[in-house]
Amino acid sequence: MQQLSINEIIRNIRDEKIFEATTSDGSFRIKINRYVPYCCTAIHHGAALRKSLKEKIALDDFDRWYEEDPHTGDFIESMPITLIGLDSRYEYDLNRKPEECVFDIAWGKKVWKSTLSPKERQLSVTKHANYYKVTHALIEKLEGLFGGSVVYDIHSYNHMRWDRNVPLFNIGCESIDLKKFGKCIDHWNNELSDISLTGIESQAAINDVFYGRGYNLEYINTNFKNTLVLATEIKKVYCNELTGADYPKVIKELQQKLKQAILNNAHYFSSLKTNWKAKSASHLLDKKIDPAIENVDKQLYRLLKNFELLAYVNPTNTAVEQRKFFKSKCTESPMFKYSPIKINPFELKQELGGLKTQDINDVSIRHLYESVINSFFDKIDLLASLNSRKFLYNSLRYFGRPSKIDLLNAQYVLLLPAIPSEPKRMPHLSMDEVVSTFSNALDDYGIKCKIEMSNRVISQIMVLNSKRTVLIRPDAKFTRREVNALIEHEIGVHMVTTQNSGQQHLKIFNLGLPVNTRTQEGLAILSEYLSGNFTLKRFKKIALRVVVTDMMCNGATFIDCYNYLVNQQQISTSDAYTIVTRIFRGGGFTKDYLYLSGFVRILKLWNSNTDLSPLLVGKTSLDFYDTIVEMIDREMIAKPQFITKSIEKPFEYEQNGIYDYIISGLK
């Protein structure tokens with residue numbers, strides 16, 4: 001980070017420059033990635049002492065840490081404008097008046113071993129004054145641009161010294177004009193009240209523990225009438241007050257949830273008190289892509305661009321083993337073989353672990369990349385254990401297994417009676433007609449993609465994302481409706497999301513977010529339904545995958561599952577073999593249960609009129625929907641160029657009433 005003098009920083013602010021810098025004396029740092037009508041301060045974040053004072057300080061590191069506000073700078077680092085103090089408040093306290101900012105006695109303890117000289121004191125007072133010169137220039141600029149601004153003045157406090165229950169968040173606003181800013185304060189209090197931390201009692205209060213009597217608020221309040229300062233204290237639940245040990249998971253939770261709370265309140269304040277007009281809260285974030293994001297993304301893509309899990313997990317001898325299985329009268333389980341793995345699992349994980357995600361400032365995007373890296377650790381372990389007993393364990397670790405609700409939904413579908421209007425038998429298309437229909441669909445979408453025949457495909461058709469290829473099994477048989485459904489599924493979702501991911505500057509959506517199978521397959525099944533090509537036969541096949549996956553997890557063999565499908569569910573021998581092979585390949589591949597649960601989750605969003613297009617930007621995951629929307633709003637990623645046709649314009653057909661009724665029974 002560059003070092004700038006106070007005058008250079010002020011000049012940059014007056015010229016509306018985008019910059020990040022530390023003061024030349026290292027007393028504080030400032031970041032302005034975009035001029036917006038709010039900023040965040042963490043004036044007690046730091047613990048530094050200048051060298052000449054280290055020998056004179058009477059307090060040890062822990063004594064100083066105890067009254068400082070560690071990590072408060074981390075809580076606001078995602079925001080576009082931040083001022084973060086780097087010096088210890090024991091050198092000079094930015095929240096005290098200039099004449100009171102250098103302590104002799106603080107919290108009942110003597111601060112210095114020997115009296116500071118007037119020169120030493122003056123140097124500290126000058127640092128204090130420099131901070132407020134920059135603060136003045138910044139708020140003056142924000143009020144000039146927007147007619148008003150809000151400052152989130154973040155602190156922390158020790159709660160164990162209190163003999164009563166104290167709030168997680170305390171807003172001090174004793175000296176604020178409540179007639180002018182009362183609604184905004186109440187909104188901030190509500191936002192903080194809505195924050196929940198795992199295992200921690202959450203409560204927000206106004207003027208409960210502290211009253212907002214600090215100098216940071218006082219200075220801005222005195223000099224700027226259109227700026228609200230929200231002095232906010234956070235109870236130190238994110239560390240151990242007695243030892244100083246940090247709780248990283250709590251820190252991360254606070255970072256993520258405070259970010260959203262600040263955005264929501266800043267959006268509310270801006271709409272009431274400034275000339276800023278924005279459609280959503282995320283428009284209040286900067287649009288500049290952090291170089292650290294680009295660096296991690298580039299390295300991640302370099303390492304994983306050729307990692308195609310399904311390509312390795314598909315057996316090379318499926319057809320041969322199928323013939324052997326039926327020749328044995330279904331008494332000998334298949335012995336599948338697989339292509340050699342072309343990666344070194346240990347080396348790949350080592351390189352992934354070296355990626356510097358900690359350099360990414362924005363907590364949401366950092367979490368996105370960390371989650372993807374962690375998910376690939378699991379997928380690498382899964383691939384490394386291919387065709388061994390550990391494969392099922394690793395599959396369970398990554399994909400999970402059916403829940404009680406998944407099984408209830410599956411059983412519900414399997415008990416549905418036949419739909420009279422759906423014929424039991426329909427003529428099959430020739431393979432030339434199938435290929436032609438797929439080719440026309442690709443042309444209709446404007447997607448360039450290869451169509452190839454392959455005996456290695458377990459199901460009838462599969463999309464290889466990295467090669468932009470549709471693989472069709474030569475012996476596959478399709479009715480017209482099945483082909484249309486597969487076009488919606490494979491091209492309308494899988495190939496569409498592949499194409500959209502290729503349009504993105506950031507390649508993380510090409511690699512795939514954690515367990516994107518649930519979201520991608522949920523979208524794909526929804527598109528079949530919305531296109532009018534969904535059938536009860538298809539629905540039951542998806543439900544059977546859930547049941548067979550659960551049977552396998554409970555110890556059932558390949559033959560047990562096959563016999564269940566044929567004898568109890570009256571499934572054809574070829575379909576039964578395919579379903580069981582999909583689930584037993586590799587040593588136990590639990591992925592297939594996610595189709596039904598994914599459909600239920602995506603359908604719920606569809607019925608609530610949620611915009612599904614953000615999920616089409618690539619291989620996305622519903623768990624990161626808000627982050628994806630934010631990145632689109634911030635122009636870090638592009639809106640999807642290709643949109644699934646059935647999602648864009650659902651086809652109304654006569655069976656919808658029946659299926660609407662059926663689907664309403666899903667939990």
# chains A, B, ... in the order shown; residues from 1 in each chain; ligands from 1
call {"tool": "closest_atom_pairs", "arguments": {"of": "segment 250-329 of chain A", "to": "segment 184-200 of chain A", "cutoff": "9 Å", "atoms": "only C-alpha atoms", "output": "Markdown table"}}
result
| residue | atom | partner | partner_atom | distance |
| --- | --- | --- | --- | --- |
| A:Val250 | CA | A:Leu197 | CA | 7.2 |
| A:Glu253 | CA | A:Leu197 | CA | 6.7 |
| A:Leu254 | CA | A:Leu197 | CA | 7.5 |
| A:Lys257 | CA | A:Ile195 | CA | 6.4 |
| A:Leu258 | CA | A:Leu192 | CA | 7.8 |
| A:Gln260 | CA | A:Glu191 | CA | 8.8 |
| A:Ala261 | CA | A:Glu191 | CA | 5.4 |
| A:Ile262 | CA | A:Trp188 | CA | 7.9 |
| A:Asn264 | CA | A:Glu191 | CA | 7.6 |
| A:Asn265 | CA | A:Trp188 | CA | 5.8 |
| A:Ala266 | CA | A:Trp188 | CA | 8.9 |
| A:Tyr268 | CA | A:Cys184 | CA | 7.3 |
| A:Phe269 | CA | A:Cys184 | CA | 6.0 |
| A:Leu272 | CA | A:Cys184 | CA | 8.6 |
call {"tool": "residues_around", "arguments": {"residues": "segment 229-244 of chain A", "least_positions_apart": "5", "cutoff": "9 Å", "atoms": "only C-alpha atoms", "output": "number ranges by chain"}}
result
A: 62, 65-66, 69, 71-72, 149-160, 166-173, 176, 185, 188, 200, 209-214, 216-218, 220-221, 249-251, 254
call {"tool": "write_last_selection", "arguments": {"atoms": "C-alpha atoms", "output": "PDB file, in the first residue's frame"}}
result
ATOM      1  CA  PHE A  62      -2.304  -7.446  26.977  1.00  0.00           C
ATOM      2  CA  TRP A  65      -5.122  -4.838  24.011  1.00  0.00           C
ATOM      3  CA  TYR A  66      -7.795  -5.041  26.682  1.00  0.00           C
ATOM      4  CA  ASP A  69     -10.807  -2.432  19.753  1.00  0.00           C
ATOM      5  CA  HIS A  71     -10.637  -6.431  14.581  1.00  0.00           C
ATOM      6  CA  THR A  72     -13.008  -3.472  14.291  1.00  0.00           C
ATOM      7  CA  SER A 149     -23.720  11.321   4.683  1.00  0.00           C
ATOM      8  CA  VAL A 150     -23.682   8.715   7.429  1.00  0.00           C
ATOM      9  CA  VAL A 151     -20.624   7.550   9.360  1.00  0.00           C
ATOM     10  CA  TYR A 152     -20.479   4.095  10.946  1.00  0.00           C
ATOM     11  CA  ASP A 153     -18.137   4.654  13.888  1.00  0.00           C
ATOM     12  CA  ILE A 154     -17.319   1.088  14.993  1.00  0.00           C
ATOM     13  CA  HIS A 155     -15.933   0.228  18.433  1.00  0.00           C
ATOM     14  CA  SER A 156     -15.895  -2.745  20.795  1.00  0.00           C
ATOM     15  CA  TYR A 157     -16.240  -3.107  24.539  1.00  0.00           C
ATOM     16  CA  ASN A 158     -15.405  -5.543  27.327  1.00  0.00           C
ATOM     17  CA  HIS A 159     -18.592  -7.027  28.695  1.00  0.00           C
ATOM     18  CA  MET A 160     -17.276  -9.205  31.524  1.00  0.00           C
ATOM     19  CA  VAL A 166     -25.464  -6.152  28.198  1.00  0.00           C
ATOM     20  CA  PRO A 167     -26.358  -5.893  24.491  1.00  0.00           C
ATOM     21  CA  LEU A 168     -24.329  -7.319  21.638  1.00  0.00           C
ATOM     22  CA  PHE A 169     -24.600  -3.945  19.916  1.00  0.00           C
ATOM     23  CA  ASN A 170     -24.931  -0.553  21.590  1.00  0.00           C
ATOM     24  CA  ILE A 171     -25.727   2.621  19.634  1.00  0.00           C
ATOM     25  CA  GLY A 172     -24.689   5.827  21.358  1.00  0.00           C
ATOM     26  CA  CYS A 173     -26.723   8.805  20.147  1.00  0.00           C
ATOM     27  CA  ILE A 176     -27.770  13.482  17.954  1.00  0.00           C
ATOM     28  CA  ILE A 185     -31.191   5.471  14.089  1.00  0.00           C
ATOM     29  CA  TRP A 188     -29.918   0.926  12.292  1.00  0.00           C
ATOM     30  CA  ILE A 200     -24.449 -16.085  20.910  1.00  0.00           C
ATOM     31  CA  VAL A 209     -23.924   0.888  27.906  1.00  0.00           C
ATOM     32  CA  PHE A 210     -22.452   3.889  26.088  1.00  0.00           C
ATOM     33  CA  TYR A 211     -24.011   7.174  25.059  1.00  0.00           C
ATOM     34  CA  GLY A 212     -22.036   8.385  22.076  1.00  0.00           C
ATOM     35  CA  ARG A 213     -19.891  10.923  23.910  1.00  0.00           C
ATOM     36  CA  GLY A 214     -16.719  10.244  21.920  1.00  0.00           C
ATOM     37  CA  ASN A 216     -15.166  11.326  16.633  1.00  0.00           C
ATOM     38  CA  LEU A 217     -18.937  11.792  16.826  1.00  0.00           C
ATOM     39  CA  GLU A 218     -18.636  15.182  18.535  1.00  0.00           C
ATOM     40  CA  ILE A 220     -18.375  15.546  12.942  1.00  0.00           C
ATOM     41  CA  ASN A 221     -21.623  16.518  14.695  1.00  0.00           C
ATOM     42  CA  LYS A 249     -15.554 -18.061  13.071  1.00  0.00           C
ATOM     43  CA  VAL A 250     -17.331 -15.367  15.076  1.00  0.00           C
ATOM     44  CA  ILE A 251     -15.148 -12.671  13.507  1.00  0.00           C
ATOM     45  CA  LEU A 254     -19.630 -10.458  12.221  1.00  0.00           C
TER      46      LEU A 254
END
call {"tool": "atom_distance", "arguments": {"atom1": "atom CA of Asn95 of chain A", "atom2": "atom CA of His128 of chain A"}}
result
9.4 Å
call {"tool": "residues_around", "arguments": {"residues": "Gln2 of chain A", "least_positions_apart": "6", "cutoff": "10 Å", "atoms": "only C-alpha atoms", "output": "PyMOL selection string"}}
result
chain A and resi 19-24+29
call {"tool": "atom_distance", "arguments": {"atom1": "atom CA of Thr519 of chain A", "atom2": "atom CA of Cys561 of chain A"}}
result
26.5 Å
call {"tool": "select_by_dssp", "arguments": {"residues": "segment 108-272 of chain A", "states": "alpha helix (DSSP H)", "output": "NGL selection string"}}
result
:A and (118-146 or 178-193 or 215-223 or 248-272)
call {"tool": "atom_distance", "arguments": {"atom1": "atom CA of Ala281 of chain A", "atom2": "atom CA of Pro80 of chain A"}}
result
12.8 Å
call {"tool": "closest_atom_pairs", "arguments": {"of": "segment 336-370 of chain A", "to": "segment 573-585 of chain A", "cutoff": "12 Å", "atoms": "only C-alpha atoms", "output": "CSV"}}
result
residue,atom,partner,partner_atom,distance
A:Phe336,CA,A:Arg585,CA,7.4
A:Lys337,CA,A:Arg585,CA,9.4
A:Tyr338,CA,A:Arg585,CA,9.6
call {"tool": "residues_around", "arguments": {"residues": "segment 523-525 of chain A", "least_positions_apart": "3", "cutoff": "9 Å", "atoms": "only C-alpha atoms", "output": "JSON, numbers by chain"}}
result
{"A": [485, 486, 488, 489, 490, 492, 493, 494, 518, 519, 520, 528, 529, 530, 534, 595, 596, 598, 599, 602, 603, 612, 615, 616, 647]}
call {"tool": "write_last_selection", "arguments": {"atoms": "N, CA and C atoms", "output": "PDB file, in the first residue's frame"}}
result
ATOM      1  N   ALA A 485     -37.481 -32.511 -23.499  1.00  0.00           N
ATOM      2  CA  ALA A 485     -37.139 -32.309 -22.086  1.00  0.00           C
ATOM      3  C   ALA A 485     -35.629 -32.256 -21.891  1.00  0.00           C
ATOM      4  N   LEU A 486     -34.904 -33.140 -22.565  1.00  0.00           N
ATOM      5  CA  LEU A 486     -33.442 -33.169 -22.449  1.00  0.00           C
ATOM      6  C   LEU A 486     -32.805 -31.914 -23.035  1.00  0.00           C
ATOM      7  N   GLU A 488     -34.175 -28.944 -22.938  1.00  0.00           N
ATOM      8  CA  GLU A 488     -34.346 -27.943 -21.882  1.00  0.00           C
ATOM      9  C   GLU A 488     -33.334 -28.150 -20.762  1.00  0.00           C
ATOM     10  N   HIS A 489     -33.114 -29.398 -20.418  1.00  0.00           N
ATOM     11  CA  HIS A 489     -32.234 -29.759 -19.305  1.00  0.00           C
ATOM     12  C   HIS A 489     -30.759 -29.530 -19.664  1.00  0.00           C
ATOM     13  N   GLU A 490     -30.325 -30.182 -20.734  1.00  0.00           N
ATOM     14  CA  GLU A 490     -28.895 -30.195 -21.067  1.00  0.00           C
ATOM     15  C   GLU A 490     -28.425 -28.917 -21.763  1.00  0.00           C
ATOM     16  N   GLY A 492     -30.663 -25.975 -22.322  1.00  0.00           N
ATOM     17  CA  GLY A 492     -31.275 -24.806 -21.713  1.00  0.00           C
ATOM     18  C   GLY A 492     -30.692 -24.409 -20.376  1.00  0.00           C
ATOM     19  N   VAL A 493     -30.086 -25.359 -19.662  1.00  0.00           N
ATOM     20  CA  VAL A 493     -29.458 -25.025 -18.374  1.00  0.00           C
ATOM     21  C   VAL A 493     -27.962 -25.329 -18.400  1.00  0.00           C
ATOM     22  N   HIS A 494     -27.583 -26.587 -18.601  1.00  0.00           N
ATOM     23  CA  HIS A 494     -26.166 -26.942 -18.467  1.00  0.00           C
ATOM     24  C   HIS A 494     -25.287 -26.248 -19.508  1.00  0.00           C
ATOM     25  N   ARG A 518     -26.882 -29.337  -6.902  1.00  0.00           N
ATOM     26  CA  ARG A 518     -28.250 -29.154  -6.417  1.00  0.00           C
ATOM     27  C   ARG A 518     -28.942 -28.005  -7.160  1.00  0.00           C
ATOM     28  N   THR A 519     -28.237 -26.894  -7.317  1.00  0.00           N
ATOM     29  CA  THR A 519     -28.832 -25.735  -7.986  1.00  0.00           C
ATOM     30  C   THR A 519     -28.972 -25.962  -9.484  1.00  0.00           C
ATOM     31  N   GLN A 520     -27.912 -26.468 -10.110  1.00  0.00           N
ATOM     32  CA  GLN A 520     -27.944 -26.672 -11.558  1.00  0.00           C
ATOM     33  C   GLN A 520     -29.006 -27.700 -11.960  1.00  0.00           C
ATOM     34  N   GLU A 528     -37.483 -28.351 -17.506  1.00  0.00           N
ATOM     35  CA  GLU A 528     -38.275 -29.414 -18.132  1.00  0.00           C
ATOM     36  C   GLU A 528     -39.761 -29.199 -17.831  1.00  0.00           C
ATOM     37  N   TYR A 529     -40.039 -28.902 -16.571  1.00  0.00           N
ATOM     38  CA  TYR A 529     -41.425 -28.706 -16.139  1.00  0.00           C
ATOM     39  C   TYR A 529     -42.054 -27.494 -16.832  1.00  0.00           C
ATOM     40  N   LEU A 530     -41.330 -26.368 -16.849  1.00  0.00           N
ATOM     41  CA  LEU A 530     -41.884 -25.135 -17.421  1.00  0.00           C
ATOM     42  C   LEU A 530     -42.048 -25.220 -18.932  1.00  0.00           C
ATOM     43  N   PHE A 534     -42.381 -32.253 -18.985  1.00  0.00           N
ATOM     44  CA  PHE A 534     -42.176 -33.077 -17.801  1.00  0.00           C
ATOM     45  C   PHE A 534     -43.230 -34.177 -17.766  1.00  0.00           C
ATOM     46  N   TYR A 595     -31.096 -34.048  -7.343  1.00  0.00           N
ATOM     47  CA  TYR A 595     -32.006 -33.576  -8.391  1.00  0.00           C
ATOM     48  C   TYR A 595     -33.362 -33.192  -7.794  1.00  0.00           C
ATOM     49  N   LEU A 596     -33.895 -34.051  -6.950  1.00  0.00           N
ATOM     50  CA  LEU A 596     -35.216 -33.788  -6.380  1.00  0.00           C
ATOM     51  C   LEU A 596     -35.162 -32.648  -5.370  1.00  0.00           C
ATOM     52  N   GLY A 598     -32.985 -30.288  -5.193  1.00  0.00           N
ATOM     53  CA  GLY A 598     -32.696 -29.060  -5.928  1.00  0.00           C
ATOM     54  C   GLY A 598     -33.938 -28.505  -6.590  1.00  0.00           C
ATOM     55  N   PHE A 599     -34.735 -29.392  -7.178  1.00  0.00           N
ATOM     56  CA  PHE A 599     -35.981 -28.971  -7.820  1.00  0.00           C
ATOM     57  C   PHE A 599     -36.929 -28.330  -6.808  1.00  0.00           C
ATOM     58  N   ILE A 602     -35.552 -24.795  -5.937  1.00  0.00           N
ATOM     59  CA  ILE A 602     -35.663 -23.839  -7.033  1.00  0.00           C
ATOM     60  C   ILE A 602     -37.134 -23.526  -7.323  1.00  0.00           C
ATOM     61  N   LEU A 603     -37.981 -24.541  -7.223  1.00  0.00           N
ATOM     62  CA  LEU A 603     -39.410 -24.328  -7.452  1.00  0.00           C
ATOM     63  C   LEU A 603     -39.992 -23.337  -6.440  1.00  0.00           C
ATOM     64  N   LEU A 612     -34.553 -15.768 -11.241  1.00  0.00           N
ATOM     65  CA  LEU A 612     -33.612 -16.885 -11.299  1.00  0.00           C
ATOM     66  C   LEU A 612     -32.435 -16.614 -12.227  1.00  0.00           C
ATOM     67  N   LEU A 615     -28.713 -16.985 -11.273  1.00  0.00           N
ATOM     68  CA  LEU A 615     -28.197 -18.351 -11.126  1.00  0.00           C
ATOM     69  C   LEU A 615     -27.706 -18.927 -12.446  1.00  0.00           C
ATOM     70  N   LEU A 616     -27.954 -18.213 -13.549  1.00  0.00           N
ATOM     71  CA  LEU A 616     -27.536 -18.692 -14.868  1.00  0.00           C
ATOM     72  C   LEU A 616     -26.189 -18.123 -15.313  1.00  0.00           C
ATOM     73  N   ILE A 647     -37.630 -20.753 -18.846  1.00  0.00           N
ATOM     74  CA  ILE A 647     -37.685 -19.883 -17.668  1.00  0.00           C
ATOM     75  C   ILE A 647     -38.093 -18.471 -18.088  1.00  0.00           C
TER      76      ILE A 647
END
call {"tool": "residues_around", "arguments": {"residues": "Arg121 of chain A", "least_positions_apart": "2", "cutoff": "12 Å", "atoms": "only C-alpha atoms", "output": "NGL selection string"}}
result
:A and (52-53 or 90-92 or 98-104 or 112 or 115-119 or 123-128)
call {"tool": "select_by_dssp", "arguments": {"residues": "segment 62-290 of chain A", "states": "strand (DSSP E or B)", "output": "ChimeraX atom specification"}}
result
/A:81-85,87,105-106,109-110,112,149-157,169-172,197,200,204-206,227-235,239,246
call {"tool": "write_last_selection", "arguments": {"atoms": "N, CA and C atoms", "output": "short mmCIF file (atom, residue, chain, number, x, y, z; two decimals), in the first residue's frame"}}
result
data_model
loop_
_atom_site.label_atom_id
_atom_site.label_comp_id
_atom_site.auth_asym_id
_atom_site.auth_seq_id
_atom_site.Cartn_x
_atom_site.Cartn_y
_atom_site.Cartn_z
N ILE A 81 -15.41 3.10 1.59
CA ILE A 81 -14.66 4.20 2.23
C ILE A 81 -14.42 3.84 3.69
N THR A 82 -13.17 3.71 4.06
CA THR A 82 -12.84 3.37 5.45
C THR A 82 -11.69 4.23 5.95
N LEU A 83 -11.76 4.55 7.22
CA LEU A 83 -10.67 5.20 7.95
C LEU A 83 -10.37 4.31 9.15
N ILE A 84 -9.15 3.78 9.21
CA ILE A 84 -8.80 2.81 10.25
C ILE A 84 -7.56 3.27 11.00
N GLY A 85 -7.72 3.47 12.30
CA GLY A 85 -6.59 3.87 13.13
C GLY A 85 -5.61 2.72 13.33
N ASP A 87 -2.54 3.30 15.24
CA ASP A 87 -1.82 3.52 16.50
C ASP A 87 -2.68 3.13 17.70
N ILE A 105 -3.14 8.67 33.22
CA ILE A 105 -3.84 7.58 33.90
C ILE A 105 -5.01 7.16 33.01
N ALA A 106 -5.15 5.86 32.76
CA ALA A 106 -6.25 5.38 31.93
C ALA A 106 -6.84 4.13 32.55
N LYS A 109 -5.12 2.89 35.60
CA LYS A 109 -3.73 2.43 35.54
C LYS A 109 -2.82 3.53 35.02
N LYS A 110 -1.63 3.61 35.63
CA LYS A 110 -0.63 4.57 35.16
C LYS A 110 -0.11 4.11 33.81
N TRP A 112 2.48 5.70 31.79
CA TRP A 112 3.90 5.89 31.46
C TRP A 112 4.79 5.68 32.68
N SER A 149 -24.43 12.60 4.61
CA SER A 149 -23.72 11.32 4.68
C SER A 149 -23.95 10.69 6.05
N VAL A 150 -23.59 9.42 6.16
CA VAL A 150 -23.68 8.72 7.43
C VAL A 150 -22.35 8.04 7.70
N VAL A 151 -21.90 8.12 8.95
CA VAL A 151 -20.62 7.55 9.36
C VAL A 151 -20.90 6.41 10.34
N TYR A 152 -20.37 5.24 10.04
CA TYR A 152 -20.48 4.09 10.95
C TYR A 152 -19.19 4.03 11.75
N ASP A 153 -19.28 4.51 12.99
CA ASP A 153 -18.14 4.65 13.89
C ASP A 153 -18.10 3.41 14.78
N ILE A 154 -17.27 2.43 14.39
CA ILE A 154 -17.32 1.09 14.99
C ILE A 154 -16.29 0.93 16.11
N HIS A 155 -16.77 0.47 17.26
CA HIS A 155 -15.93 0.23 18.43
C HIS A 155 -16.29 -1.14 19.02
N SER A 156 -15.55 -1.53 20.06
CA SER A 156 -15.89 -2.74 20.79
C SER A 156 -15.76 -2.46 22.29
N TYR A 157 -16.37 -3.33 23.10
CA TYR A 157 -16.24 -3.11 24.54
C TYR A 157 -16.18 -4.43 25.29
N PHE A 169 -24.88 -5.21 20.59
CA PHE A 169 -24.60 -3.94 19.92
C PHE A 169 -25.21 -2.81 20.72
N ASN A 170 -24.44 -1.74 20.91
CA ASN A 170 -24.93 -0.55 21.59
C ASN A 170 -24.73 0.65 20.69
N ILE A 171 -25.80 1.40 20.45
CA ILE A 171 -25.73 2.62 19.63
C ILE A 171 -25.77 3.82 20.57
N GLY A 172 -24.74 4.63 20.53
CA GLY A 172 -24.69 5.83 21.36
C GLY A 172 -25.11 7.05 20.56
N LEU A 197 -25.76 -14.45 15.60
CA LEU A 197 -24.47 -15.12 15.58
C LEU A 197 -24.64 -16.50 16.21
N ILE A 200 -24.65 -17.31 20.13
CA ILE A 200 -24.45 -16.08 20.91
C ILE A 200 -25.77 -15.33 20.99
N ALA A 204 -29.68 -5.64 20.36
CA ALA A 204 -29.18 -4.29 20.10
C ALA A 204 -29.93 -3.31 20.99
N ALA A 205 -29.23 -2.26 21.41
CA ALA A 205 -29.86 -1.28 22.29
C ALA A 205 -29.31 0.11 21.99
N ILE A 206 -30.07 1.11 22.39
CA ILE A 206 -29.68 2.51 22.20
C ILE A 206 -29.38 3.12 23.57
N THR A 227 -24.70 15.23 8.42
CA THR A 227 -24.07 13.91 8.55
C THR A 227 -24.43 13.29 9.90
N LEU A 228 -24.88 12.06 9.82
CA LEU A 228 -25.23 11.28 11.01
C LEU A 228 -24.06 10.36 11.36
N VAL A 229 -23.64 10.40 12.62
CA VAL A 229 -22.60 9.48 13.10
C VAL A 229 -23.26 8.43 13.99
N LEU A 230 -23.12 7.19 13.59
CA LEU A 230 -23.68 6.08 14.35
C LEU A 230 -22.56 5.40 15.13
N ALA A 231 -22.31 5.91 16.33
CA ALA A 231 -21.28 5.33 17.20
C ALA A 231 -21.80 4.00 17.73
N THR A 232 -21.17 2.92 17.29
CA THR A 232 -21.69 1.58 17.56
C THR A 232 -20.64 0.72 18.25
N GLU A 233 -20.98 0.27 19.43
CA GLU A 233 -20.10 -0.60 20.22
C GLU A 233 -20.52 -2.06 20.05
N ILE A 234 -19.55 -2.93 19.82
CA ILE A 234 -19.80 -4.37 19.70
C ILE A 234 -19.21 -5.07 20.91
N LYS A 235 -20.02 -5.83 21.58
CA LYS A 235 -19.55 -6.62 22.72
C LYS A 235 -18.46 -7.58 22.23
N CYS A 239 -13.78 -12.71 20.87
CA CYS A 239 -12.48 -13.06 21.44
C CYS A 239 -12.65 -13.38 22.92
N ASP A 246 -8.45 -14.98 19.80
CA ASP A 246 -9.51 -14.66 18.85
C ASP A 246 -10.39 -15.87 18.58
#
call {"tool": "closest_residue", "arguments": {"among": "A:Val111, A:Tyr38, A:Glu630, A:Thr590", "to": "Lys56 of chain A", "atoms": "only C-alpha atoms"}}
result
A:Val111
call {"tool": "closest_residue", "arguments": {"among": "A:Leu544, A:Leu506, A:Ile663, A:Asn609", "to": "Ala638 of chain A", "atoms": "only C-alpha atoms"}}
result
A:Leu506
call {"tool": "closest_residue", "arguments": {"among": "A:Val434, A:Lys477, A:Lys356, A:Ile472", "to": "Ile451 of chain A", "atoms": "only C-alpha atoms"}}
result
A:Ile472
call {"tool": "closest_residue", "arguments": {"among": "A:Ala48, A:Leu396, A:Ile76, A:Ile508", "to": "Gln255 of chain A", "atoms": "only C-alpha atoms"}}
result
A:Ile76
